[in-house]
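First up is the structure itself, then whatever we jot down about it.
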There are 2 protein chains.
Amino acid sequence: MIAIDAMGGDYAPHAILKGALCAAQNQHRIILCGPEKLLTEVLDGLDPQWKDLPLYIHDAPDVIAMDDDPVMSCRKKPHSSLVQAVKLVKEGKATHAMSAGNSGALVIASIFILGRQEHCERPAIAGFLPTPQGSVFALDLGANTEVRPQHLYQFALIGAHHIEQSYGKEKPSVGLLANGHEPGKGSLIVREAHDLLLDAPINFIGNVEPYHIFNQEVDIVVCDGFSGNILLKTMEAVYKASMRMMVHGNYISSDDVATVIQRLDPRIMGGARLLGVKGNVIVCHGGADDIAIYNAVKKIDSLHSQCL
Amino acid sequence: MIAIDAMGGDYAPHAILKGALCAAQNQHRIILCGPEKLLTEVLDGLDPQWKDLPLYIHDAPDVIAMDDDPVMSCRKKPHSSLVQAVKLVKEGKATHAMSAGNSGALVIASIFILGRQEHCERPAIAGFLPTPQGSVFALDLGANTEVRPQHLYQFALIGAHHIEQSYGKEKPSVGLLANGHEPGKGSLIVREAHDLLLDAPINFIGNVEPYHIFNQEVDIVVCDGFSGNILLKTMEAVYKASMRMMVHGNYISSDDVATVIQRLDPRIMGGARLLGVKGNVIVCHGGADDIAIYNAVKKIDSLHSQCL
């Protein structure tokens, strides 16, 4: 059972409900958190038969806006759709909470409600970056704009642990994002983290640059949330820009683009995961549409069944 | 007359000499800095008639390696090809110095030899990022992995001044790279820089994200050198990755790709410029090949003639 914040994201609630409905139509079990009356109206418009599906509404009258202060809004809006989705995980009513809303607030709500994992001072947003050959796991993608060296060290450990445990990959290689692959490159914080990681009980391969990622030369990339966010969003923007060039130049049809970029489309990759808290929290892109939401649900359930 | 460090870059000296030779064959005037005997041998092999071209050798027996410490190497190797190229600018024997070598050393040599411009504590590497519609000027692309808010402020001013003076664009729009377009997003340093920039005598439009760049919604992007380097290199890696996908999937031919990406290829954009020092210094990509070197020369001379 996945608890989805129906009011979070640039296209909420409509796109979120459309994606959730599609998931429920494909036998995924969903609890939608949001104002009951509004959600019922939208769902009735999308599919009058929705009540026959494994799709439930958990009434949450408040909404945390995208630009609300994370800490203040979590404190002042305990009945918001975002906070309630996380609470359902804490109460054991859902296995996962998912939101495309204010990611800062989602991180704070998860820390407050679920608590931090041991040996992890700062939870990190972690996700797969699509590459032509497959994907590379990266963290932090935006939870921590400021980090200290030990946080980068902890990100490396929780990232490696997650990939080993959830995907059965032994000794995944871990790289530290820097502006040069040579040791000694990077900011002071990156250089100190590099030295800490040399002694970490993981397969640390040193500094990596973006081309190592897109050539699939590393399994996991560790970075601060500011750089990680720039990396992720540049990737998305450039994939889109190069596809636009292709279509505008009449080199390929829109249909071909759709096929080609299917593996590169960030929407296909599903949501990112908040690692370092005691519970499953999925962070979706603010611009998530119905396809992104549906894929995020599919990814969770396919991984979940793999692990059982 | 452009002084080129013939020994700097991953493919030096061969690719550098090949690019310089091509430039000289197209009437650009070049001084190559490097070990005279070696350069003569390579040039003889490439074109036995090279001495008829406007291509000269300035003997510089030492070489600064890519991983040499910038400050130490500039002090200890005054006769290196990199330092000598900058010296030729100081002495008025060249209008520009260009290197694809150790960019940290190039920044330090330029500061030591040419001096900083007034009101600029930290020179920045500035260049055009190709977009489907044109290009966006960005700085810093890698000179300063650590910055303070006033440095970002100064980058904005020297960037706007350069675009106004060299390209005649009035009041170019300036954005601050952040992990969200809303004011208040970004690291502490970015947030403080944002507030400083609100009062700057430029057309500051606030925070920008990568999609603003690739949608051409801003003229100049300001960032620290770590993030800027990640932005630049992610852009390059993803353009390449998506093109590989296209060709491998047999959607388009290699020839078509060549045409399509001509405008997106970072090699076409020429070198980046070191802004904030008293002289013209061009920073080429470490992986620059002969085409990149030739294009960097072409860009300099076309801009130079525009300005005269």
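In the structure tokens, chains take letters A, B, ... by order of appearance, with residues numbered from 1 within each chain and ligands from 1 in the order shown.
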
Residues of chain B were defined as contacting chain A if any atom lay at most 8 Å from it, counting only C-alpha atoms; please report them as an MDAnalysis selection string. chainID B and resid 67 131:132 142 145:146 178:179 182 186:188 209:211 214:215 226:227 229:231 233:235 237:239 241:242 244:246 249 251:252 256 260

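For His151 in chain B, the list of residues within 8 Å, based on only C-alpha atoms and with local chain neighbours fewer than 5 positions off taken out, reads B:Cys120, B:Glu121, B:Arg122.
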
Within range 204-260 of chain B, find each residue whose DSSP state, derived from the backbone, is alpha helix (DSSP H), and express the selection as a PyMOL selection string. chain B and resi 210-214+225-248+254-260

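The interatomic distance for the pair CA of Gln27 in chain B and CA of Pro13 in chain B works out to 20.9 Å.
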
Surrounding residues of Ala272 in chain B excluding itself and chain neighbours under 3 positions, 9 Å, only C-alpha atoms, as a PyMOL selection string: chain B and resi 125-128+141+269+281-285+296

Just N, CA, C and O atoms for this one: save the residues we selected as a short mmCIF file (atom, residue, chain, number, x, y, z; two decimals), in the first residue's frame.
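Result file is out.cif:
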```
data_model
loop_
_atom_site.label_atom_id
_atom_site.label_comp_id
_atom_site.auth_asym_id
_atom_site.auth_seq_id
_atom_site.Cartn_x
_atom_site.Cartn_y
_atom_site.Cartn_z
N ILE B 125 36.46 31.75 -14.92
CA ILE B 125 36.43 31.19 -16.27
C ILE B 125 35.02 31.33 -16.82
O ILE B 125 34.06 30.89 -16.19
N ALA B 126 34.92 31.98 -17.96
CA ALA B 126 33.61 32.31 -18.52
C ALA B 126 33.51 31.79 -19.95
O ALA B 126 34.45 31.91 -20.72
N GLY B 127 32.36 31.23 -20.28
CA GLY B 127 32.22 30.72 -21.64
C GLY B 127 30.77 30.59 -22.04
O GLY B 127 29.87 30.77 -21.21
N PHE B 128 30.56 30.30 -23.31
CA PHE B 128 29.21 30.14 -23.83
C PHE B 128 28.80 28.67 -23.77
O PHE B 128 29.53 27.80 -24.26
N LEU B 141 33.23 28.72 -14.57
CA LEU B 141 33.15 27.34 -15.03
C LEU B 141 34.23 26.46 -14.42
O LEU B 141 34.38 25.31 -14.82
N MET B 269 32.16 25.88 -29.77
CA MET B 269 31.99 27.14 -29.03
C MET B 269 33.31 27.84 -28.76
O MET B 269 33.32 28.97 -28.28
N VAL B 281 43.03 36.02 -21.85
CA VAL B 281 43.50 34.65 -21.62
C VAL B 281 42.35 33.69 -21.95
O VAL B 281 41.23 33.89 -21.48
N ILE B 282 42.65 32.71 -22.79
CA ILE B 282 41.63 31.76 -23.24
C ILE B 282 41.93 30.38 -22.64
O ILE B 282 43.04 29.87 -22.80
N VAL B 283 40.93 29.83 -21.97
CA VAL B 283 41.07 28.54 -21.31
C VAL B 283 40.37 27.49 -22.17
O VAL B 283 39.14 27.54 -22.33
N CYS B 284 41.13 26.56 -22.74
CA CYS B 284 40.49 25.51 -23.53
C CYS B 284 40.29 24.28 -22.66
O CYS B 284 40.98 24.07 -21.66
N HIS B 285 39.34 23.47 -23.05
CA HIS B 285 39.02 22.21 -22.40
C HIS B 285 40.27 21.30 -22.41
O HIS B 285 40.97 21.25 -23.42
N ALA B 296 38.61 27.75 -31.35
CA ALA B 296 38.90 28.75 -30.32
C ALA B 296 39.65 29.94 -30.94
O ALA B 296 39.35 31.10 -30.65
#
```

What lies within 10 Å of range 195-202 of chain B using only C-alpha atoms, ignoring chain neighbours under 3 positions off, as a PDB file with C-alpha atoms, in the first residue's frame?
```pdb
ATOM      1  CA  PRO B 149      28.826  35.855  -1.868  1.00  0.00           C
ATOM      2  CA  GLN B 150      30.723  38.960  -3.005  1.00  0.00           C
ATOM      3  CA  LEU B 152      29.380  35.748  -7.161  1.00  0.00           C
ATOM      4  CA  TYR B 153      28.322  39.415  -7.152  1.00  0.00           C
ATOM      5  CA  GLN B 154      31.573  40.382  -8.880  1.00  0.00           C
ATOM      6  CA  ALA B 156      27.775  38.963 -12.335  1.00  0.00           C
ATOM      7  CA  LEU B 157      29.222  42.435 -12.909  1.00  0.00           C
ATOM      8  CA  ALA B 160      27.508  41.623 -17.794  1.00  0.00           C
ATOM      9  CA  HIS B 161      30.239  44.148 -18.625  1.00  0.00           C
ATOM     10  CA  LYS B 171      21.422  45.149 -20.338  1.00  0.00           C
ATOM     11  CA  PRO B 172      21.891  41.408 -20.671  1.00  0.00           C
ATOM     12  CA  SER B 173      19.815  39.433 -18.170  1.00  0.00           C
ATOM     13  CA  VAL B 174      21.813  37.788 -15.390  1.00  0.00           C
ATOM     14  CA  GLY B 175      20.629  34.773 -13.361  1.00  0.00           C
ATOM     15  CA  LEU B 176      22.115  33.036 -10.328  1.00  0.00           C
ATOM     16  CA  PRO B 183      14.308  33.343  -3.870  1.00  0.00           C
ATOM     17  CA  GLY B 184      15.524  31.571  -0.729  1.00  0.00           C
ATOM     18  CA  VAL B 190      23.890  31.569  -2.978  1.00  0.00           C
ATOM     19  CA  ARG B 191      21.139  33.065  -0.825  1.00  0.00           C
ATOM     20  CA  GLU B 192      23.430  35.875   0.350  1.00  0.00           C
ATOM     21  CA  ILE B 205      16.465  38.270 -12.916  1.00  0.00           C
ATOM     22  CA  GLY B 206      16.927  36.089  -9.801  1.00  0.00           C
TER      23      GLY B 206
END
```

Apply DSSP to the structure's backbone, then extract all residues of range 49-283 of chain A labelled strand (DSSP E) and return them as a PyMOL selection string. chain A and resi 55-59+96-99+124-130+135-139+173-177+203-208+220-222+272-275+280-283

Please provide the set of residues having any atom within 10 Å of Met1 in chain A, restricted to only C-alpha atoms, with same-chain residues fewer than 2 positions apart removed, written as a PyMOL selection string. chain A and resi 3-4+28-31+54-56+88-89+92-97+297+301

Take the residues that were just selected and, keeping N, CA and C atoms, output them as a compact mmCIF listing (two decimals), in the first residue's frame.
```txt
# COMPACT_ATOMS: atom_id res chain seq x y z
N ALA A 3 1.11 5.40 0.14
CA ALA A 3 0.40 6.64 0.48
C ALA A 3 0.94 7.77 -0.37
N ILE A 4 0.08 8.38 -1.18
CA ILE A 4 0.53 9.44 -2.08
C ILE A 4 -0.05 10.78 -1.64
N HIS A 28 -2.17 -1.81 -8.44
CA HIS A 28 -1.35 -1.29 -7.35
C HIS A 28 -2.29 -0.67 -6.32
N ARG A 29 -1.97 -0.85 -5.03
CA ARG A 29 -2.84 -0.37 -3.95
C ARG A 29 -2.37 1.00 -3.47
N ILE A 30 -3.28 1.95 -3.50
CA ILE A 30 -2.92 3.35 -3.28
C ILE A 30 -3.85 3.99 -2.24
N ILE A 31 -3.25 4.78 -1.31
CA ILE A 31 -4.04 5.68 -0.47
C ILE A 31 -3.69 7.11 -0.89
N PRO A 54 -8.46 -0.58 -6.09
CA PRO A 54 -7.77 -0.50 -4.79
C PRO A 54 -7.20 0.90 -4.55
N LEU A 55 -8.10 1.87 -4.52
CA LEU A 55 -7.72 3.28 -4.43
C LEU A 55 -8.56 3.91 -3.32
N TYR A 56 -7.89 4.43 -2.30
CA TYR A 56 -8.61 4.92 -1.13
C TYR A 56 -8.20 6.37 -0.87
N LEU A 88 1.07 7.85 7.72
CA LEU A 88 0.50 6.54 7.40
C LEU A 88 1.59 5.46 7.37
N VAL A 89 2.81 5.86 6.99
CA VAL A 89 3.93 4.91 7.02
C VAL A 89 4.30 4.60 8.46
N GLY A 92 2.09 2.22 10.06
CA GLY A 92 2.03 0.89 9.45
C GLY A 92 0.86 0.70 8.49
N LYS A 93 0.18 1.79 8.15
CA LYS A 93 -0.96 1.68 7.23
C LYS A 93 -0.52 1.73 5.76
N ALA A 94 0.70 2.21 5.56
CA ALA A 94 1.25 2.22 4.20
C ALA A 94 2.71 1.76 4.28
N THR A 95 3.19 1.12 3.22
CA THR A 95 4.60 0.71 3.20
C THR A 95 5.49 1.86 2.75
N HIS A 96 4.92 2.77 1.93
CA HIS A 96 5.70 3.88 1.37
C HIS A 96 4.88 5.16 1.39
N ALA A 97 5.58 6.30 1.58
CA ALA A 97 4.95 7.61 1.36
C ALA A 97 5.59 8.20 0.12
N VAL A 297 5.21 4.44 -8.83
CA VAL A 297 4.49 3.38 -8.12
C VAL A 297 4.94 2.01 -8.63
N ASP A 301 6.67 -1.14 -6.42
CA ASP A 301 6.07 -2.46 -6.26
C ASP A 301 6.92 -3.55 -6.91
```

Determine the nearest neighbour of Val83 in chain B from the options B:His162, B:Asp5, B:Trp50, B:Glu170, counting only C-alpha atoms.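 Nearest candidate to Val83 in chain B out of B:His162, B:Asp5, B:Trp50, B:Glu170: B:Asp5.
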
So how many Å separate CA of Gln84 in chain A and CA of Gly104 in chain A, to one decimal?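 Taking CA of Gln84 in chain A as the start and CA of Gly104 in chain A as the end point, the length is 15.5 Å.
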
Top pick for closest residue to Gly271 in chain B, considering B:Gly159, B:Gly286, B:Pro123, B:Gly45 and counting only C-alpha atoms: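 Result for the nearest residue to Gly271 in chain B: B:Gly286.
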
All residues 8 Å or closer to Pro35 in chain A, only C-alpha atoms, same chain fewer than 4 positions away omitted, as an mmCIF file with N, CA, C and O atoms, in the first residue's frame:
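File produced: part-v1.cif:
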```
data_model
loop_
_atom_site.group_PDB
_atom_site.id
_atom_site.type_symbol
_atom_site.label_atom_id
_atom_site.label_comp_id
_atom_site.auth_asym_id
_atom_site.auth_seq_id
_atom_site.Cartn_x
_atom_site.Cartn_y
_atom_site.Cartn_z
ATOM 1 N N LEU A 39 -10.740 15.585 -3.898
ATOM 2 C CA LEU A 39 -10.197 14.392 -4.557
ATOM 3 C C LEU A 39 -11.325 13.550 -5.158
ATOM 4 O O LEU A 39 -11.203 13.029 -6.278
ATOM 5 N N ASP A 59 -8.485 11.556 4.267
ATOM 6 C CA ASP A 59 -8.773 12.990 4.281
ATOM 7 C C ASP A 59 -7.648 13.774 4.965
ATOM 8 O O ASP A 59 -7.273 13.487 6.118
ATOM 9 N N ALA A 60 -7.112 14.758 4.252
ATOM 10 C CA ALA A 60 -6.060 15.634 4.796
ATOM 11 C C ALA A 60 -6.354 17.019 4.242
ATOM 12 O O ALA A 60 -6.026 17.318 3.093
ATOM 13 N N PRO A 61 -7.011 17.847 5.063
ATOM 14 C CA PRO A 61 -7.548 19.102 4.523
ATOM 15 C C PRO A 61 -6.493 20.164 4.178
ATOM 16 O O PRO A 61 -6.727 20.989 3.303
ATOM 17 N N ASP A 62 -5.312 20.131 4.825
ATOM 18 C CA ASP A 62 -4.328 21.201 4.608
ATOM 19 C C ASP A 62 -3.376 20.878 3.458
ATOM 20 O O ASP A 62 -3.202 19.716 3.079
ATOM 21 N N SER A 81 -1.623 17.125 3.472
ATOM 22 C CA SER A 81 -1.545 15.880 2.693
ATOM 23 C C SER A 81 -0.140 15.271 2.768
ATOM 24 O O SER A 81 0.020 14.050 2.865
#
```

Report, in Å with one decimal, the straight-line distance from CA of Phe155 in chain A to CA of Cys223 in chain B. 24.4 Å
